[in-house]
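Worksheet for the structure shown next.
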Amino acid sequence: MKEKTFKGKIAVVTGGAGGIGTGICRCLAEAGGKVVLTGTRSEKELQAAAAALPGSGHMSARVSVEDSGGLRELAAVIEKRYGRLDLLVNNAGTTRLVAHDDLEGLDDDLIDRIFRVNLRGPFACIRALRRLLEAADEGVVVNISSEAAITAQGSNVAYVASKAGLNAMTTALARALAPKIRVVAIAPGFVDTGFVSKDPSFTGPAYAKAILKRPILPEDIGKAVLTVATVLDKTTGCVIPVDGGR
């Protein structure tokens with residue numbers, strides 16, 4: 001059986017200049033894909049991140065997943081430049097460390113922002129890019145979730161709930177968008193990035209409770225995304241953990 005490759009494929013990665021996003025973008029670019037890297041960092045930072053990727057044909061776009069109009073404009077740019085979209089990776093996310101028993105510390109504004117970015121954001125991206133994904137031979141959406149959705153342990157209660165909602169939305173949209181688009185969630189454990197190292201629970205180290213007892217790196221999440229896109233072509237509507245067995 002001929003193995004599928006990602007060479008020449010087009011991918012959008014939201015939050016592509018962050019820790020996990022950088023690993024995903026690099027993995028897809030190394031596999032021969034053309035990456036559209038999006039985020040809310042400065043134009044200079046985003047352009048530098050895209051320019052640092054191996055291969056050619058990449059681009060960056062400063063657009064927030066909270067901006068539905070901006071996402072529709074991005075879809076038009078991608079259609080004009082590439083003509084289609086093979087993979088959407090909903091990686092952008094936000095949170096803040098708030099103890100789970102600190103109910104006052106989890107204020108309404110933070111709750112609303114977490115749900116806008118972590119749950120409504122992926123839906124808005126899928127909605128805006130659906131037609132381009134359907135135009136591909138086999139469109140794929142990968143939602144970057146979290147082990148927090150299952151363990152209920154994470155940076156705060158709203159973050160946990162947003163990722164649980166993302167898992168449920170993954171299953172619902174996999175059914176709704178089949179057979180033209182597959183939708184899969186990947187749930188990382190503690191990924192060794194700058195943010196996680198600031199978490200008070202990141203001690204001893206944090207992955208010590210995992211069966212494998214090895215740190216998870218951004219490129220591990222990238223490899224999982226690439227595997228979903230190229231190898232697991234009968235997989236949809238599910239959540240795949242990449243957590244070392246935590």
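Going through the structure tokens in order, the chains are called A, B, and so on, while each chain numbers its residues from 1 and the ligands are numbered from 1 in the order shown.
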
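Excluding region 187-192 of chain A itself and same-chain residues fewer than 3 positions from it, the residues having an atom within 6 Å of it are A:Ser145, A:Ser146, A:Glu147, A:Ile216, A:Leu217, A:Ile240, A:Pro241, A:Val242, A:Asp243, counting only C-alpha atoms.
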
Go ahead and write the residues just picked, C-alpha atoms, as a short mmCIF file (atom, residue, chain, number, x, y, z; two decimals), in the first residue's frame.
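See selection-v5.cif below for the written result:
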```cif
data_model
loop_
_atom_site.label_atom_id
_atom_site.label_comp_id
_atom_site.auth_asym_id
_atom_site.auth_seq_id
_atom_site.Cartn_x
_atom_site.Cartn_y
_atom_site.Cartn_z
CA SER A 145 -7.24 19.94 23.10
CA SER A 146 -5.64 19.00 26.43
CA GLU A 147 -5.43 16.17 28.91
CA ILE A 216 6.62 15.91 25.71
CA LEU A 217 8.07 18.37 23.20
CA ILE A 240 -5.98 11.11 20.69
CA PRO A 241 -3.88 11.64 23.85
CA VAL A 242 -0.20 12.53 23.57
CA ASP A 243 0.55 12.64 27.29
#
```

May I have the residues within 10 Å of region 133-136 of chain A as a count of residues only, using only C-alpha atoms and disregarding those fewer than 6 positions away in the same chain?
-> 16

Tell me, in Å to one decimal, how far CA of Ala124 (chain A) is from CA of Ile150 (chain A).
->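 CA of Ile150 (chain A) lies 23.7 Å from CA of Ala124 (chain A).
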
For Ala75 (chain A), which residue among A:Ile24, A:Ala176, A:Cys238, A:Leu129 is the nearest when counting only C-alpha atoms?
-> A:Leu129

Would you mind writing down, as a ChimeraX atom specification, each residue of region 51-226 of chain A that DSSP on the backbone assigns to strand (DSSP E)?
-> /A:59-62,87-90,139-144,181-188

Write the selection just made, keeping C-alpha atoms, as a tab-separated table (two decimals), in the first residue's frame?
```tsv
chain	number	residue	atom	x	y	z
A	59	MET	CA	2.84	32.72	4.57
A	60	SER	CA	1.75	34.43	7.76
A	61	ALA	CA	-1.43	36.30	8.60
A	62	ARG	CA	-2.17	38.41	11.65
A	87	LEU	CA	-5.46	20.80	6.86
A	88	LEU	CA	-6.65	23.18	9.56
A	89	VAL	CA	-4.92	22.94	12.94
A	90	ASN	CA	-6.85	24.79	15.63
A	139	GLY	CA	-9.90	17.83	4.23
A	140	VAL	CA	-8.75	17.39	7.82
A	141	VAL	CA	-9.29	19.45	10.97
A	142	VAL	CA	-7.13	18.81	14.02
A	143	ASN	CA	-8.22	20.52	17.23
A	144	ILE	CA	-5.49	20.85	19.86
A	181	ILE	CA	-13.86	16.53	6.20
A	182	ARG	CA	-12.38	14.52	9.05
A	183	VAL	CA	-12.23	16.14	12.50
A	184	VAL	CA	-9.89	14.82	15.19
A	185	ALA	CA	-8.67	16.21	18.51
A	186	ILE	CA	-5.19	15.73	19.93
A	187	ALA	CA	-4.88	16.07	23.71
A	188	PRO	CA	-1.35	16.88	24.85
```

Rounded to one decimal place, report the CA of Gly154 (chain A)-CA of Thr22 (chain A) distance in Å.
->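 Pair CA of Gly154 (chain A) / CA of Thr22 (chain A) returns 21.9 Å.
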
Hey, what does DSSP flag as alpha helix (DSSP H) within region 26-127 of chain A? Can you give it to me as a PyMOL selection string?
-> chain A and resi 26-30+43-51+68-81+108-115+121-127

Measuring atom to atom with only C-alpha atoms, identify which of A:Ser64, A:Thr38, A:Thr94, A:Thr236 is nearest to Ile78 (chain A).
-> A:Thr38
